[in-house]
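Novice: There's a structure below that I have some questions on.
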Amino acid sequence: MFHKVFIALTKEDLNLAIKKATKNDFILSDLHFSIKEGQHIDARFKDISDESLIPQVTEWFHRLKVSNEISFGYVNRFYQSSILPIAGFFSGIDEIISKLGQDKVIFNLPVSFTNKKFTSTYYMAESESIGVHFYNRHDSLLPYIKKYLENKNYKFISENKKISFQQSIFNPIRLWGIYFVMFLKNVRLSFKTITYQGKTWGGNYDKVFIIRSVGQAITIIPYLLLTNEKILIVIGSTYTDNTASVILKSKLRNKKNILIVQSLKPPLALVLKIYFHAIIKLIRRKNYIFRYKEVNLNMLQSLGEMIVMNASLSLYKFQVSNVLKKNKTAFIFSFEQKSPHAFIDSEISKSLNTPCAQIQFVQQSFNDIPNPVCADFFLCETPQIKQKFEKCFTKGNEKLKYVGSFSGINEDLKKTSEIKSSKLKICIFTGTDYDLNSNFLISFSKHFTDSNNKVVVKLHPRDSKNYYSIYSEAIYKRTYPDSFRDFVSDFDLAITFPSGVISDLFYAEIPFFVYAPPHQKYQKIGIDFLPPDIETFLDLDSLFKKLKTPLVDLKKRHQAIIRSFKKDSEIITDFELIQKNLNNLILEKLNFEKTL
């Protein structure tokens, strides 16, 4: 008996494969799809590879950065966006062959190219690492998959023909489009007026926090509101989130011990110089080949996009480092985790002979990466997360620390007040998948048509779709009007897909439920921030039935679960203890350096 293995790289591929697959067939994909009865979809993409891959990427990238003068900070995103998707399909193919045998499998490719081209992608790398794709996946992945099958003499067929335009047309357009957009934005920034808030004390501070996004600001605001130390906050430049400074200045306007300053604007001459050199590097770059499992992966496009983005990263380093050179501090904190900016923040700290730490503020997948910890310390959000990182990281484990949960500071649960109104205020947090969001909102609108109930849908930052025609009674929000706490305090309960918002809701005072639909995405990942007694619903009927429970009962049970979980998990939210642990860590590092 032959088993067909349908390789699905796009949603169109996936829908067609689901229609064609029988109970004896398999679907190999890294996309989200329903697990339907009667279809054995056992061969799934796994975010793993052999143990030699990460050391190989690290060694190869070291050579790449030297010859092209780009930051080593790009290694994590390069690995996750340019290498891991291809390696994942290779490992999936190997897994299928090992289970079924080479003679019993025939791979079905969605298309075949009349002009075979090999290319790569890097841009929007962080989105790629979580499964959101902004490029032609057929052009970028399929030629390598076909080559791998050919090298292994595995049987495959492809019914449709396609002409590849990615390498010859779309890649140059995207590469130079990104270049000129980033160049013009930095030129514009060079003329921008820099503002600050607070009072200076001759440039001596106890701590410095480098902040680039609203999420980072929200994480540290509870700590900043309570501390009396001299704090300097440096707002790093970003092109996707420009409201962090607005929130910080609003929430900390009465804190005279805190100075908020934007990073220095880059001189126009420096912008022109850096971007001119970038053009030279782009023109002179060569076809860098990464060889994996006897297949040559052409990294020319990935290298080009990293060269373009490295220009802005160089300006970021100039902007932040020159602010810090004018001020003295005992310790520097960064909220970047595995990004190029995390590496630059640590480089700046080293150049100033100042210890530094990274503070975790969002969920990060528990998989090994080439450079997991850049700074002297990585402060994990909970003890459990620290333990999970220790299991998956092959290096940097000694730098993982837990001093307390900054997001939960001063969040003691209040006593349940009397519920005087039957009106429910519900907040729904959507995910990144449009189809999942649409299906959920359609079902929700059918069950909650009562005008006495207020429903607000907080859209995921990467979801640009309009759901008003699906559920017109709801109010849609794309950003938080102020902080997360201020936003959720207006609701009675929340509903979310498994996502990073769970860690924020954990410290909020409202009950919340998690809807984990039977899709591959939510079968693969664990809900790592979730107390085991918080109910997770696999079907909507059970969720809607639970929502009929009296609100006062929901609140009492939720508060009991949170208190018990905090105690059992040894989660620290007391400000005094967190500050003590933090300062002891700093003192330990400073004393250690003095003994060297």
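In the structure tokens, chains take letters A, B, ... by order of appearance, with residues numbered from 1 within each chain and ligands from 1 in the order shown.
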Give me, as CSV, each residue of range 245-319 of chain A that comes within 9 Å of range 213-236 of chain A, together with its shortest interatomic pair and the distance in Å at one decimal, counting only C-alpha atoms, with rows ordered by chain and rising residue number.
Specialist:
```
residue,atom,partner,partner_atom,distance
A:Ser245,CA,A:Ile235,CA,6.6
A:Ile247,CA,A:Val214,CA,7.5
A:Leu248,CA,A:Ala217,CA,6.6
A:Lys251,CA,A:Ile221,CA,7.6
A:Leu252,CA,A:Leu225,CA,6.8
A:Lys255,CA,A:Leu225,CA,7.3
A:Lys256,CA,A:Lys230,CA,8.8
A:Asn257,CA,A:Lys230,CA,5.1
A:Ile258,CA,A:Ile231,CA,4.8
A:Leu259,CA,A:Leu232,CA,4.9
A:Ile260,CA,A:Ile233,CA,4.7
A:Val261,CA,A:Val234,CA,5.2
A:Gln262,CA,A:Ile235,CA,4.6
A:Ser263,CA,A:Gly236,CA,5.5
A:Leu264,CA,A:Gly236,CA,8.9
A:Tyr316,CA,A:Gly236,CA,7.2
A:Gln319,CA,A:Gly236,CA,7.8
```
Novice: Please, could you write that set of residues out with N, CA, C and O atoms as a PDB file, in the first residue's frame?
Specialist:
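And here's part-v9.pdb as it stands now:
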```pdb
ATOM      1  N   SER A 245       6.926  55.998  24.932  1.00  0.00           N
ATOM      2  CA  SER A 245       7.282  57.214  25.673  1.00  0.00           C
ATOM      3  C   SER A 245       6.043  57.945  26.161  1.00  0.00           C
ATOM      4  O   SER A 245       6.040  58.528  27.250  1.00  0.00           O
ATOM      5  N   ILE A 247       3.104  56.622  27.059  1.00  0.00           N
ATOM      6  CA  ILE A 247       2.571  55.913  28.228  1.00  0.00           C
ATOM      7  C   ILE A 247       3.456  56.136  29.451  1.00  0.00           C
ATOM      8  O   ILE A 247       2.970  56.401  30.560  1.00  0.00           O
ATOM      9  N   LEU A 248       4.760  56.047  29.273  1.00  0.00           N
ATOM     10  CA  LEU A 248       5.675  56.220  30.405  1.00  0.00           C
ATOM     11  C   LEU A 248       5.568  57.622  30.995  1.00  0.00           C
ATOM     12  O   LEU A 248       5.518  57.793  32.219  1.00  0.00           O
ATOM     13  N   LYS A 251       2.163  57.891  32.929  1.00  0.00           N
ATOM     14  CA  LYS A 251       2.071  57.128  34.172  1.00  0.00           C
ATOM     15  C   LYS A 251       3.083  57.592  35.219  1.00  0.00           C
ATOM     16  O   LYS A 251       2.842  57.454  36.421  1.00  0.00           O
ATOM     17  N   LEU A 252       4.239  58.134  34.767  1.00  0.00           N
ATOM     18  CA  LEU A 252       5.312  58.484  35.703  1.00  0.00           C
ATOM     19  C   LEU A 252       5.492  59.994  35.846  1.00  0.00           C
ATOM     20  O   LEU A 252       6.536  60.453  36.308  1.00  0.00           O
ATOM     21  N   LYS A 255       6.686  61.175  39.230  1.00  0.00           N
ATOM     22  CA  LYS A 255       7.874  60.541  39.782  1.00  0.00           C
ATOM     23  C   LYS A 255       9.097  61.404  39.481  1.00  0.00           C
ATOM     24  O   LYS A 255       9.702  61.323  38.416  1.00  0.00           O
ATOM     25  N   LYS A 256       9.478  62.227  40.441  1.00  0.00           N
ATOM     26  CA  LYS A 256      10.596  63.154  40.258  1.00  0.00           C
ATOM     27  C   LYS A 256      11.950  62.455  40.271  1.00  0.00           C
ATOM     28  O   LYS A 256      12.962  63.057  39.887  1.00  0.00           O
ATOM     29  N   ASN A 257      11.976  61.206  40.697  1.00  0.00           N
ATOM     30  CA  ASN A 257      13.239  60.465  40.749  1.00  0.00           C
ATOM     31  C   ASN A 257      13.556  59.770  39.425  1.00  0.00           C
ATOM     32  O   ASN A 257      14.584  59.089  39.305  1.00  0.00           O
ATOM     33  N   ILE A 258      12.682  59.932  38.430  1.00  0.00           N
ATOM     34  CA  ILE A 258      12.847  59.219  37.160  1.00  0.00           C
ATOM     35  C   ILE A 258      13.003  60.213  36.016  1.00  0.00           C
ATOM     36  O   ILE A 258      12.207  61.137  35.861  1.00  0.00           O
ATOM     37  N   LEU A 259      14.043  60.002  35.219  1.00  0.00           N
ATOM     38  CA  LEU A 259      14.266  60.804  34.020  1.00  0.00           C
ATOM     39  C   LEU A 259      13.984  59.942  32.797  1.00  0.00           C
ATOM     40  O   LEU A 259      14.527  58.859  32.650  1.00  0.00           O
ATOM     41  N   ILE A 260      13.097  60.432  31.928  1.00  0.00           N
ATOM     42  CA  ILE A 260      12.769  59.739  30.685  1.00  0.00           C
ATOM     43  C   ILE A 260      13.365  60.540  29.538  1.00  0.00           C
ATOM     44  O   ILE A 260      13.073  61.721  29.370  1.00  0.00           O
ATOM     45  N   VAL A 261      14.199  59.889  28.741  1.00  0.00           N
ATOM     46  CA  VAL A 261      14.853  60.604  27.651  1.00  0.00           C
ATOM     47  C   VAL A 261      14.848  59.739  26.400  1.00  0.00           C
ATOM     48  O   VAL A 261      15.058  58.530  26.460  1.00  0.00           O
ATOM     49  N   GLN A 262      14.580  60.341  25.276  1.00  0.00           N
ATOM     50  CA  GLN A 262      14.669  59.631  24.014  1.00  0.00           C
ATOM     51  C   GLN A 262      16.132  59.471  23.611  1.00  0.00           C
ATOM     52  O   GLN A 262      16.967  60.312  23.944  1.00  0.00           O
ATOM     53  N   SER A 263      16.417  58.395  22.896  1.00  0.00           N
ATOM     54  CA  SER A 263      17.780  58.219  22.414  1.00  0.00           C
ATOM     55  C   SER A 263      18.133  59.360  21.464  1.00  0.00           C
ATOM     56  O   SER A 263      17.265  59.939  20.810  1.00  0.00           O
ATOM     57  N   LEU A 264      19.417  59.676  21.393  1.00  0.00           N
ATOM     58  CA  LEU A 264      19.863  60.822  20.601  1.00  0.00           C
ATOM     59  C   LEU A 264      19.505  60.644  19.130  1.00  0.00           C
ATOM     60  O   LEU A 264      19.536  59.534  18.597  1.00  0.00           O
ATOM     61  N   TYR A 316      21.061  52.781  15.821  1.00  0.00           N
ATOM     62  CA  TYR A 316      20.496  52.542  17.153  1.00  0.00           C
ATOM     63  C   TYR A 316      21.603  52.466  18.202  1.00  0.00           C
ATOM     64  O   TYR A 316      21.495  53.037  19.296  1.00  0.00           O
ATOM     65  N   GLN A 319      22.829  55.939  18.900  1.00  0.00           N
ATOM     66  CA  GLN A 319      21.851  56.750  19.625  1.00  0.00           C
ATOM     67  C   GLN A 319      21.814  56.409  21.106  1.00  0.00           C
ATOM     68  O   GLN A 319      21.809  57.301  21.955  1.00  0.00           O
TER      69      GLN A 319
END
```
Novice: Could you name the residues that touch Asp368 in chain A at 7 Å or less, counting only C-alpha atoms, but leaving out those on the same chain fewer than 5 positions away, as a VMD selection string?
Specialist: chain A and resid 392 to 394
Novice: Please identify the strand (DSSP E) residues within range 246-462 of chain A (assignment by DSSP from backbone atoms) and present them as a ChimeraX atom specification.
Specialist: /A:258-262,289-292,295-298,328-329,332-334,356-359,377-379,400-401,425-429,454-458
Novice: Need the shell around Ser346 in chain A: protein/DNA/RNA residues with any atom at most 12 Å away, counting only C-alpha atoms. Skip same-chain ones fewer than 2 positions apart. Format as a PDB file with C-alpha atoms, in the first residue's frame?
Specialist:
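Dumped everything to part-v1.pdb:
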```
ATOM      1  CA  PHE A  72      26.206  38.772  15.289  1.00  0.00           C
ATOM      2  CA  GLY A  73      22.912  39.750  16.926  1.00  0.00           C
ATOM      3  CA  ILE A 210      16.272  50.706  27.773  1.00  0.00           C
ATOM      4  CA  LYS A 317      23.801  51.654  18.796  1.00  0.00           C
ATOM      5  CA  VAL A 320      21.644  54.702  22.818  1.00  0.00           C
ATOM      6  CA  SER A 321      25.356  54.465  23.628  1.00  0.00           C
ATOM      7  CA  PHE A 331      23.400  48.587  36.069  1.00  0.00           C
ATOM      8  CA  ILE A 332      21.669  48.556  32.678  1.00  0.00           C
ATOM      9  CA  PHE A 333      18.461  46.655  31.909  1.00  0.00           C
ATOM     10  CA  SER A 334      17.224  45.707  28.464  1.00  0.00           C
ATOM     11  CA  PHE A 335      13.845  44.216  27.564  1.00  0.00           C
ATOM     12  CA  GLU A 336      15.078  42.698  24.327  1.00  0.00           C
ATOM     13  CA  GLN A 337      15.265  38.906  24.508  1.00  0.00           C
ATOM     14  CA  LYS A 338      16.672  37.255  21.369  1.00  0.00           C
ATOM     15  CA  SER A 339      16.616  40.136  18.886  1.00  0.00           C
ATOM     16  CA  PRO A 340      19.588  41.951  17.298  1.00  0.00           C
ATOM     17  CA  HIS A 341      18.837  44.835  19.677  1.00  0.00           C
ATOM     18  CA  ALA A 342      19.417  42.518  22.652  1.00  0.00           C
ATOM     19  CA  PHE A 343      22.915  41.835  21.377  1.00  0.00           C
ATOM     20  CA  ILE A 344      23.576  45.562  20.797  1.00  0.00           C
ATOM     21  CA  ILE A 348      26.896  48.865  24.722  1.00  0.00           C
ATOM     22  CA  SER A 349      27.016  47.703  28.347  1.00  0.00           C
ATOM     23  CA  LYS A 350      30.332  45.954  27.818  1.00  0.00           C
ATOM     24  CA  SER A 351      31.835  49.022  26.157  1.00  0.00           C
ATOM     25  CA  LEU A 352      30.847  51.064  29.231  1.00  0.00           C
ATOM     26  CA  ASN A 353      32.116  48.390  31.667  1.00  0.00           C
ATOM     27  CA  THR A 354      28.628  48.278  33.152  1.00  0.00           C
ATOM     28  CA  PRO A 355      26.828  45.017  34.011  1.00  0.00           C
ATOM     29  CA  CYS A 356      23.531  44.399  32.258  1.00  0.00           C
ATOM     30  CA  ALA A 357      20.519  42.117  32.349  1.00  0.00           C
ATOM     31  CA  GLN A 358      17.709  41.181  29.999  1.00  0.00           C
ATOM     32  CA  VAL A 373      21.466  35.012  26.443  1.00  0.00           C
ATOM     33  CA  CYS A 374      23.383  38.118  25.403  1.00  0.00           C
ATOM     34  CA  ALA A 375      23.682  39.990  28.707  1.00  0.00           C
ATOM     35  CA  ASP A 376      25.216  39.079  32.069  1.00  0.00           C
ATOM     36  CA  PHE A 377      21.808  37.843  33.258  1.00  0.00           C
ATOM     37  CA  PHE A 378      18.455  36.863  31.781  1.00  0.00           C
TER      38      PHE A 378
END
```
Novice: Tell me which of A:Gly92, A:Gly304, A:Gly408, A:Pro511 sits closest to Ile70 in chain A, counting only C-alpha atoms.
Specialist: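 Checking each of A:Gly92, A:Gly304, A:Gly408, A:Pro511 against Ile70 in chain A, counting only C-alpha atoms, the winner is A:Gly304.
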Novice: Please indicate the distance in Å from CA of His3 in chain A to CA of Lys161 in chain A, rounded to one decimal place.
Specialist: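 CA of Lys161 in chain A lies at a distance of 22.9 Å from CA of His3 in chain A.
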Novice: If you count only C-alpha atoms, which residues fall within 10 Å of Tyr144 in chain A, apart from same-chain ones fewer than 3 positions away, as a PyMOL selection string?
Specialist: chain A and resi 86-87+89-90+116-119+138-141+147-150+295-298
Novice: Using only C-alpha atoms, which of A:Lys4, A:Arg212, A:Lys11, A:Lys580 sits nearest Asp433 in chain A?
Specialist: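 Residue with the minimum atom-to-atom distance to Asp433 in chain A: A:Lys11.
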